[in-house]
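Below is the file upload_39.txt, which contains compact mmCIF, C-alpha atoms and all ligand atoms.
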# COMPACT_ATOMS: atom_id res chain seq x y z
CA MET A 1 9.11 -23.81 18.77
CA SER A 2 6.10 -21.65 19.53
CA ASN A 3 6.05 -18.66 21.86
CA PRO A 4 6.48 -19.96 25.44
CA THR A 5 4.02 -17.35 26.74
CA LYS A 6 0.39 -18.38 26.37
CA PRO A 7 -2.47 -15.85 26.29
CA THR A 8 -3.90 -17.48 29.41
CA ASP A 9 -0.62 -16.97 31.35
CA ILE A 10 -0.46 -14.10 33.84
CA GLY A 11 1.14 -11.07 32.15
CA PRO A 12 1.21 -7.26 32.17
CA ASN A 13 -2.49 -6.78 31.37
CA ARG A 14 -3.45 -3.33 32.68
CA THR A 15 -6.86 -2.97 31.01
CA GLY A 16 -8.98 -3.55 34.09
CA ILE A 17 -9.96 -0.66 36.34
CA GLY A 18 -8.77 -2.65 39.37
CA THR A 19 -5.13 -2.25 38.27
CA SER A 20 -5.03 1.24 39.76
CA PRO A 21 -7.50 2.07 42.57
CA LEU A 22 -6.32 5.70 42.61
CA HIS A 23 -6.77 6.32 38.88
CA SER A 24 -10.01 4.39 38.79
CA LYS A 25 -11.48 6.76 41.41
CA GLU A 26 -10.42 9.73 39.27
CA ALA A 27 -11.85 8.10 36.12
CA ILE A 28 -15.22 7.52 37.82
CA LYS A 29 -15.26 11.08 39.19
CA SER A 30 -14.49 12.54 35.74
CA ALA A 31 -17.19 10.42 34.11
CA GLU A 32 -19.75 11.63 36.66
CA GLU A 33 -18.73 15.26 36.13
CA GLY A 34 -18.73 14.88 32.34
CA VAL A 35 -22.23 13.36 32.29
CA PRO A 36 -23.99 14.66 35.40
CA ASN A 37 -27.41 13.29 34.32
CA PRO A 38 -26.75 9.93 32.64
CA SER A 39 -29.59 8.61 30.55
CA PHE A 40 -30.26 5.47 28.57
CA ASP A 41 -32.61 7.36 26.27
CA THR A 42 -31.08 6.93 22.80
CA SER A 43 -34.15 8.17 20.93
CA ALA A 44 -32.46 11.29 19.48
CA HIS A 45 -29.57 9.27 18.08
CA HIS A 46 -31.98 6.59 16.89
CA ALA A 47 -34.15 9.12 15.05
CA SER A 48 -31.08 10.59 13.36
CA ALA A 49 -29.77 7.15 12.31
CA VAL A 50 -33.17 6.18 10.88
CA SER A 51 -33.43 9.47 9.03
CA TRP A 52 -30.00 8.93 7.44
CA ALA A 53 -30.84 5.34 6.52
CA ARG A 54 -33.95 6.49 4.67
CA SER A 55 -32.13 9.09 2.62
CA VAL A 56 -28.84 7.47 1.57
CA SER A 57 -28.16 5.25 -1.45
CA PRO A 58 -27.75 1.47 -0.93
CA ILE A 59 -24.29 -0.01 -0.28
CA GLY A 60 -24.21 -1.18 -3.89
CA THR A 61 -26.34 -2.14 -6.86
CA MET A 62 -26.37 -4.98 -9.35
CA PRO A 63 -24.82 -4.51 -12.81
CA PRO A 64 -26.76 -5.23 -16.00
CA PRO A 65 -26.39 -8.85 -17.22
CA ALA A 66 -22.99 -9.53 -18.81
CA SER A 67 -24.36 -11.99 -21.34
CA MET A 68 -27.92 -12.95 -22.21
CA LYS A 69 -27.22 -15.63 -24.77
CA GLY A 70 -28.09 -19.33 -24.91
CA ALA A 71 -28.21 -21.14 -21.61
CA ALA A 72 -28.03 -17.95 -19.58
CA LYS A 73 -31.09 -16.55 -21.33
CA SER A 74 -33.12 -19.70 -20.85
CA MET A 75 -32.12 -19.92 -17.21
CA VAL A 76 -33.12 -16.35 -16.49
CA GLN A 77 -36.37 -17.04 -18.37
CA ALA A 78 -36.89 -20.08 -16.14
CA ILE A 79 -36.84 -17.95 -13.02
CA LYS A 80 -38.97 -15.28 -14.65
CA GLY A 81 -41.37 -13.59 -12.31
CA LYS A 82 -38.80 -13.79 -9.51
CA HIS A 83 -35.92 -11.44 -9.03
CA ALA A 84 -32.97 -13.04 -10.82
CA THR A 85 -30.68 -10.23 -9.67
CA ALA A 86 -31.47 -10.98 -6.03
CA PHE A 87 -30.48 -14.61 -6.60
CA ILE A 88 -27.27 -13.56 -8.39
CA ASP A 89 -26.54 -11.19 -5.50
CA LEU A 90 -26.77 -14.16 -3.10
CA LEU A 91 -24.50 -16.22 -5.32
CA GLY A 92 -22.03 -13.33 -5.41
CA GLU A 93 -22.17 -13.13 -1.63
CA ARG A 94 -21.38 -16.83 -1.27
CA LEU A 95 -18.60 -16.57 -3.84
CA ALA A 96 -16.97 -13.77 -1.86
CA PHE A 97 -17.38 -15.70 1.38
CA GLU A 98 -15.87 -18.90 0.00
CA ARG A 99 -12.93 -16.95 -1.41
CA THR A 100 -12.43 -15.44 2.04
CA GLY A 101 -12.88 -18.94 3.48
CA VAL A 102 -9.84 -20.15 1.55
CA ARG A 103 -7.85 -17.23 2.94
CA LEU A 104 -9.11 -17.90 6.45
CA TYR A 105 -7.94 -21.52 6.30
CA GLU A 106 -4.61 -20.46 4.75
CA ALA A 107 -4.14 -18.16 7.74
CA LEU A 108 -5.29 -20.91 10.13
CA LEU A 109 -2.56 -23.15 8.68
CA CYS A 110 -0.01 -20.50 9.71
CA ARG A 111 -1.45 -20.53 13.24
CA PHE A 112 -1.36 -24.34 13.13
CA ASP A 113 2.29 -24.53 12.01
CA ALA A 114 3.33 -22.05 14.70
CA ALA A 115 1.63 -24.00 17.50
CA ASP A 116 2.61 -26.98 19.63
CA LEU A 117 -0.67 -28.87 19.62
CA GLY A 118 -1.78 -31.78 21.72
CA GLU A 119 -4.29 -34.60 21.53
CA GLY A 120 -7.67 -33.78 19.99
CA SER A 121 -6.17 -31.30 17.53
CA PRO A 122 -6.55 -31.65 13.78
CA THR A 123 -3.84 -32.83 11.45
CA ARG A 124 -2.50 -30.44 8.83
CA ALA A 125 -4.06 -32.66 6.15
CA GLN A 126 -7.52 -32.21 7.71
CA LEU A 127 -7.19 -28.43 7.58
CA GLU A 128 -5.87 -28.56 4.02
CA HIS A 129 -8.82 -30.74 3.07
CA ILE A 130 -11.30 -28.15 4.31
CA ARG A 131 -9.38 -25.33 2.63
CA ASN A 132 -9.54 -27.26 -0.64
CA GLU A 133 -13.29 -27.74 -0.29
CA GLU A 134 -13.76 -24.00 0.27
CA LEU A 135 -11.89 -23.47 -2.98
CA GLN A 136 -14.10 -26.04 -4.76
CA HIS A 137 -17.18 -24.21 -3.44
CA PHE A 138 -15.79 -20.95 -4.81
CA ASP A 139 -15.38 -22.60 -8.20
CA LEU A 140 -18.90 -24.05 -8.05
CA LEU A 141 -20.34 -20.59 -7.49
CA ASN A 142 -18.13 -19.10 -10.17
CA LYS A 143 -19.70 -21.51 -12.69
CA ALA A 144 -23.24 -21.04 -11.35
CA ILE A 145 -23.00 -17.26 -11.74
CA GLN A 146 -21.71 -17.62 -15.30
CA LYS A 147 -24.57 -19.99 -16.13
CA LEU A 148 -26.94 -17.19 -15.22
CA GLY A 149 -25.14 -14.85 -17.60
CA ALA A 150 -23.66 -12.80 -14.79
CA ASP A 151 -20.08 -11.69 -14.17
CA PRO A 152 -18.50 -13.57 -11.23
CA THR A 153 -15.87 -10.86 -10.77
CA THR A 154 -18.57 -8.38 -9.76
CA VAL A 155 -18.63 -7.37 -6.11
CA THR A 156 -22.37 -7.58 -5.53
CA PRO A 157 -23.94 -5.57 -2.69
CA SER A 158 -24.23 -8.64 -0.45
CA ALA A 159 -20.67 -9.64 -1.33
CA ASP A 160 -19.56 -6.21 -0.18
CA VAL A 161 -21.46 -6.55 3.10
CA THR A 162 -20.15 -10.04 3.80
CA GLY A 163 -16.62 -8.86 2.97
CA VAL A 164 -16.87 -6.10 5.56
CA ALA A 165 -18.34 -8.51 8.10
CA GLY A 166 -15.48 -10.94 7.50
CA MET A 167 -12.77 -8.34 8.04
CA GLY A 168 -12.72 -8.98 11.77
CA LEU A 169 -12.24 -12.70 11.20
CA LEU A 170 -9.37 -12.08 8.79
CA GLY A 171 -7.90 -9.63 11.28
CA VAL A 172 -7.82 -12.28 13.99
CA LEU A 173 -6.51 -15.07 11.79
CA SER A 174 -3.78 -13.03 10.14
CA ASP A 175 -2.50 -11.65 13.45
CA ALA A 176 0.90 -13.25 14.12
CA ARG A 177 0.14 -13.16 17.85
CA ALA A 178 -3.09 -15.16 17.52
CA THR A 179 -2.93 -18.76 18.70
CA PHE A 180 -4.39 -21.70 16.84
CA THR A 181 -7.25 -21.83 19.37
CA GLU A 182 -8.02 -18.13 18.82
CA GLY A 183 -7.96 -18.82 15.09
CA LEU A 184 -10.46 -21.65 15.54
CA LYS A 185 -12.83 -19.28 17.34
CA ALA A 186 -12.81 -16.98 14.32
CA ILE A 187 -13.22 -19.92 11.92
CA LEU A 188 -16.21 -21.17 13.91
CA ILE A 189 -18.04 -17.88 13.28
CA ALA A 190 -17.36 -18.26 9.55
CA GLU A 191 -18.49 -21.90 9.43
CA LEU A 192 -21.71 -21.16 11.33
CA ALA A 193 -22.61 -18.39 8.88
CA ASP A 194 -21.56 -20.53 5.94
CA ASN A 195 -23.77 -23.45 6.95
CA ASP A 196 -26.87 -21.27 7.21
CA ALA A 197 -26.13 -19.48 3.95
CA TRP A 198 -25.59 -22.68 1.92
CA ASN A 199 -28.79 -24.11 3.35
CA SER A 200 -30.68 -21.02 2.26
CA LEU A 201 -29.05 -20.97 -1.17
CA ALA A 202 -29.81 -24.64 -1.86
CA HIS A 203 -33.42 -24.08 -0.81
CA ILE A 204 -33.84 -21.03 -3.03
CA ALA A 205 -32.23 -22.74 -6.04
CA LYS A 206 -34.71 -25.60 -5.62
CA GLN A 207 -37.65 -23.19 -5.35
CA LEU A 208 -36.48 -21.48 -8.55
CA GLY A 209 -36.55 -24.81 -10.37
CA GLN A 210 -32.74 -24.96 -10.70
CA ASP A 211 -32.55 -28.62 -9.67
CA ASP A 212 -28.96 -29.27 -10.79
CA MET A 213 -27.74 -26.17 -9.02
CA ALA A 214 -29.73 -27.08 -5.90
CA ALA A 215 -28.15 -30.57 -5.88
CA ASP A 216 -24.66 -29.06 -6.14
CA PHE A 217 -25.43 -26.61 -3.35
CA ARG A 218 -26.85 -29.39 -1.19
CA GLN A 219 -23.57 -31.28 -1.65
CA ALA A 220 -21.62 -28.19 -0.63
CA LEU A 221 -23.89 -27.88 2.42
CA GLU A 222 -23.08 -31.47 3.42
CA GLU A 223 -19.38 -30.62 3.28
CA GLU A 224 -19.97 -27.46 5.29
CA HIS A 225 -21.75 -29.58 7.93
CA GLU A 226 -18.55 -31.62 8.23
CA HIS A 227 -16.42 -28.47 8.50
CA LEU A 228 -18.61 -27.16 11.29
CA ALA A 229 -18.63 -30.44 13.21
CA SER A 230 -14.84 -30.72 12.97
CA VAL A 231 -14.15 -27.12 13.98
CA ARG A 232 -16.55 -27.39 16.91
CA ALA A 233 -14.84 -30.55 18.17
CA TRP A 234 -11.31 -29.15 17.73
CA LEU A 235 -12.23 -25.93 19.50
CA ASP A 236 -13.99 -27.75 22.30
CA ASN A 237 -10.90 -29.91 22.83
CA ALA A 238 -8.64 -26.86 22.77
CA VAL A 239 -10.57 -24.91 25.40
CA GLN A 240 -10.95 -28.04 27.55
CA ALA A 241 -7.17 -28.46 27.41
CA GLN A 242 -6.66 -24.80 28.38
CA ILE A 243 -8.73 -25.36 31.51
CA GLY A 244 -6.77 -28.53 32.24
CA PHE A 245 -9.16 -31.27 31.12
CA GLU A 246 -8.40 -34.18 28.84
CA PRO A 247 -9.93 -33.95 25.34
CA GLN A 248 -13.47 -35.34 25.47
CA ALA A 249 -13.94 -36.08 21.81
CA VAL A 250 -11.75 -36.56 18.82
CA ALA A 251 -12.87 -34.57 15.81
CA PRO A 252 -14.24 -36.69 12.99
CA ALA A 253 -11.95 -37.03 10.01
CA PRO A 254 -13.43 -35.33 6.94
CA GLU A 255 -14.31 -37.66 4.10
CA GLN A 256 -11.90 -37.91 1.23
CA PRO A 257 -12.79 -35.77 -1.79
CA GLN A 258 -14.74 -37.49 -4.54
CA PRO A 259 -12.74 -38.21 -7.70
CA GLY A 260 -13.12 -35.43 -10.23
CA VAL A 261 -14.67 -32.99 -7.73
FE FE B 301 -17.47 -22.43 2.93
FE FE B 302 -16.55 -24.35 5.47

Could you rewrite the structure in this file as structure tokens?
Amino acid sequence: MSNPTKPTDIGPNRTGIGTSPLHSKEAIKSAEEGVPNPSFDTSAHHASAVSWARSVSPIGTMPPPASMKGAAKSMVQAIKGKHATAFIDLLGERLAFERTGVRLYEALLCRFDAADLGEGSPTRAQLEHIRNEELQHFDLLNKAIQKLGADPTTVTPSADVTGVAGMGLLGVLSDARATFTEGLKAILIAELADNDAWNSLAHIAKQLGQDDMAADFRQALEEEHEHLASVRAWLDNAVQAQIGFEPQAVAPAPEQPQPGV
């Protein structure tokens, strides 16, 4: 049985200033005394931040190619004139994101199992199906990176950035107190970013003449479209139910995985 107290129930929330009129007056008075001439001019801070940004090293760099034999060599030759490392960086970013995606859905399954869900919610099998597709996407990228002679275990600069960006999502989803609905809100952010990134990756692979890779990425994008549509519908139903409305739409069931995929 899940926790009988819901986040939308009235509880001991004392974060608002209205909780204590006396202390709020003191807080306002102290703020006025501490900053007697408030200003929205952030130019000094801005100038300092820009100066730092121009002088520091990047978050990371790309390693030299791990292997430049056979297929990898010809592939890198094929995209000659363009920056192969920038493409590999993007692949590394997606790889990191898909790996995190598997973890996000694993955590969402915990939120799911701990919840008492009503109509318009997914089945466990639907969530497992998406988790499995995230894992397949990870594997697809793993192979694509190796085809280019790069090391898929490398944390590329963009992988590092996307890992940091995803920490908040993992924080929400792995919090034992988070509800399934709160987990869906975090997952929605991930799926929105994922859809745009796969679209961009498929487009770039096509422009680089990597037609097989582009076709694989396009397939992954189609699956990500389904993830996004499902998560949107489930979340919409969940928030409607919180307000007291009946579910408006039932989330579409994801297609069954293709044999051998
Ligand atoms: Fe994904
Ligand atoms: Fe996804």

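Picture a line from CA of Leu228 (chain A) to CA of Leu184 (chain A); it runs 10.7 Å.
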
*If you count all atoms listed in the file, which residues fall within 10 Å of Thr85 (chain A), apart from same-chain ones fewer than 6 positions away, as a ChimeraX atom specification?*
/A:61-65,76,91,148,150,156

*asked:* Neighbouring residues of ligand FE 301 (chain B) are defined here as those with any atom at most 6 Å from a ligand atom, counting all atoms listed in the file; list them as a PyMOL selection string.
replied: chain A and resi 98+101+134+194

*Given a cut-off of 12 Å, what residues near ligand FE 302 (chain B) show up using only C-alpha atoms and all ligand atoms, put as a PyMOL selection string?*
chain A and resi 94+97-105+127-138+187-198+220-232+254

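The coordinates place CA of Phe180 (chain A) at 4.8 Å from CA of Arg111 (chain A).
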
Can you put N, CA and C atoms back into region 31-64 of chain A and show it as a JSON list (two decimals), in the coordinates of the input?
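Now in rebuild.json:
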[["chain", "number", "residue", "atom", "x", "y", "z"],
["A", 31, "ALA", "N", -16.02, 10.88, 34.89],
["A", 31, "ALA", "CA", -17.19, 10.42, 34.11],
["A", 31, "ALA", "C", -18.46, 11.02, 34.69],
["A", 32, "GLU", "N", -18.55, 11.08, 36.01],
["A", 32, "GLU", "CA", -19.75, 11.63, 36.66],
["A", 32, "GLU", "C", -19.86, 13.14, 36.40],
["A", 33, "GLU", "N", -18.71, 13.81, 36.39],
["A", 33, "GLU", "CA", -18.73, 15.26, 36.13],
["A", 33, "GLU", "C", -19.06, 15.54, 34.67],
["A", 34, "GLY", "N", -18.52, 14.69, 33.78],
["A", 34, "GLY", "CA", -18.73, 14.88, 32.34],
["A", 34, "GLY", "C", -20.17, 14.63, 31.93],
["A", 35, "VAL", "N", -20.81, 13.67, 32.59],
["A", 35, "VAL", "CA", -22.23, 13.36, 32.29],
["A", 35, "VAL", "C", -22.99, 13.37, 33.62],
["A", 36, "PRO", "N", -23.35, 14.57, 34.08],
["A", 36, "PRO", "CA", -23.99, 14.66, 35.40],
["A", 36, "PRO", "C", -25.36, 13.98, 35.47],
["A", 37, "ASN", "N", -26.07, 13.93, 34.33],
["A", 37, "ASN", "CA", -27.41, 13.29, 34.32],
["A", 37, "ASN", "C", -27.43, 12.16, 33.29],
["A", 38, "PRO", "N", -26.81, 11.03, 33.61],
["A", 38, "PRO", "CA", -26.75, 9.93, 32.64],
["A", 38, "PRO", "C", -28.15, 9.43, 32.28],
["A", 39, "SER", "N", -28.29, 9.08, 31.02],
["A", 39, "SER", "CA", -29.59, 8.61, 30.55],
["A", 39, "SER", "C", -29.40, 7.48, 29.53],
["A", 40, "PHE", "N", -30.30, 6.54, 29.56],
["A", 40, "PHE", "CA", -30.26, 5.47, 28.57],
["A", 40, "PHE", "C", -31.20, 5.76, 27.40],
["A", 41, "ASP", "N", -31.70, 6.98, 27.36],
["A", 41, "ASP", "CA", -32.61, 7.36, 26.27],
["A", 41, "ASP", "C", -31.79, 7.66, 25.01],
["A", 42, "THR", "N", -31.85, 6.76, 24.05],
["A", 42, "THR", "CA", -31.08, 6.93, 22.80],
["A", 42, "THR", "C", -31.98, 7.39, 21.65],
["A", 43, "SER", "N", -33.17, 7.89, 21.98],
["A", 43, "SER", "CA", -34.15, 8.17, 20.93],
["A", 43, "SER", "C", -33.66, 9.23, 19.93],
["A", 44, "ALA", "N", -32.92, 10.25, 20.39],
["A", 44, "ALA", "CA", -32.46, 11.29, 19.48],
["A", 44, "ALA", "C", -31.47, 10.69, 18.47],
["A", 45, "HIS", "N", -30.54, 9.91, 18.98],
["A", 45, "HIS", "CA", -29.57, 9.27, 18.08],
["A", 45, "HIS", "C", -30.29, 8.31, 17.13],
["A", 46, "HIS", "N", -31.23, 7.55, 17.69],
["A", 46, "HIS", "CA", -31.98, 6.59, 16.89],
["A", 46, "HIS", "C", -32.72, 7.28, 15.74],
["A", 47, "ALA", "N", -33.38, 8.38, 16.07],
["A", 47, "ALA", "CA", -34.15, 9.12, 15.05],
["A", 47, "ALA", "C", -33.22, 9.62, 13.94],
["A", 48, "SER", "N", -32.04, 10.10, 14.35],
["A", 48, "SER", "CA", -31.08, 10.59, 13.36],
["A", 48, "SER", "C", -30.58, 9.45, 12.47],
["A", 49, "ALA", "N", -30.28, 8.30, 13.09],
["A", 49, "ALA", "CA", -29.77, 7.15, 12.31],
["A", 49, "ALA", "C", -30.82, 6.65, 11.33],
["A", 50, "VAL", "N", -32.09, 6.64, 11.76],
["A", 50, "VAL", "CA", -33.17, 6.18, 10.88],
["A", 50, "VAL", "C", -33.36, 7.17, 9.73],
["A", 51, "SER", "N", -33.28, 8.44, 10.05],
["A", 51, "SER", "CA", -33.43, 9.47, 9.03],
["A", 51, "SER", "C", -32.34, 9.34, 7.95],
["A", 52, "TRP", "N", -31.11, 9.13, 8.39],
["A", 52, "TRP", "CA", -30.00, 8.93, 7.44],
["A", 52, "TRP", "C", -30.25, 7.70, 6.58],
["A", 53, "ALA", "N", -30.65, 6.61, 7.24],
["A", 53, "ALA", "CA", -30.84, 5.34, 6.52],
["A", 53, "ALA", "C", -31.90, 5.46, 5.44],
["A", 54, "ARG", "N", -32.87, 6.35, 5.66],
["A", 54, "ARG", "CA", -33.95, 6.49, 4.67],
["A", 54, "ARG", "C", -33.56, 7.39, 3.51],
["A", 55, "SER", "N", -32.47, 8.13, 3.67],
["A", 55, "SER", "CA", -32.13, 9.09, 2.62],
["A", 55, "SER", "C", -30.89, 8.72, 1.80],
["A", 56, "VAL", "N", -30.08, 7.79, 2.29],
["A", 56, "VAL", "CA", -28.84, 7.47, 1.57],
["A", 56, "VAL", "C", -29.07, 6.39, 0.51],
["A", 57, "SER", "N", -28.11, 6.28, -0.42],
["A", 57, "SER", "CA", -28.16, 5.25, -1.45],
["A", 57, "SER", "C", -27.79, 3.90, -0.82],
["A", 58, "PRO", "N", -28.14, 2.77, -1.48],
["A", 58, "PRO", "CA", -27.75, 1.47, -0.93],
["A", 58, "PRO", "C", -26.23, 1.29, -0.99],
["A", 59, "ILE", "N", -25.73, 0.28, -0.30],
["A", 59, "ILE", "CA", -24.29, -0.01, -0.28],
["A", 59, "ILE", "C", -23.78, -0.27, -1.69],
["A", 60, "GLY", "N", -24.59, -0.91, -2.50],
["A", 60, "GLY", "CA", -24.21, -1.18, -3.89],
["A", 60, "GLY", "C", -25.44, -1.51, -4.70],
["A", 61, "THR", "N", -25.25, -1.72, -5.98],
["A", 61, "THR", "CA", -26.34, -2.14, -6.86],
["A", 61, "THR", "C", -25.83, -3.26, -7.76],
["A", 62, "MET", "N", -26.74, -3.88, -8.46],
["A", 62, "MET", "CA", -26.37, -4.98, -9.35],
["A", 62, "MET", "C", -26.10, -4.42, -10.76],
["A", 63, "PRO", "N", -25.10, -4.97, -11.44],
["A", 63, "PRO", "CA", -24.82, -4.51, -12.81],
["A", 63, "PRO", "C", -25.81, -5.13, -13.79],
["A", 64, "PRO", "N", -25.93, -4.57, -14.98],
["A", 64, "PRO", "CA", -26.76, -5.23, -16.00],
["A", 64, "PRO", "C", -26.14, -6.59, -16.36]]
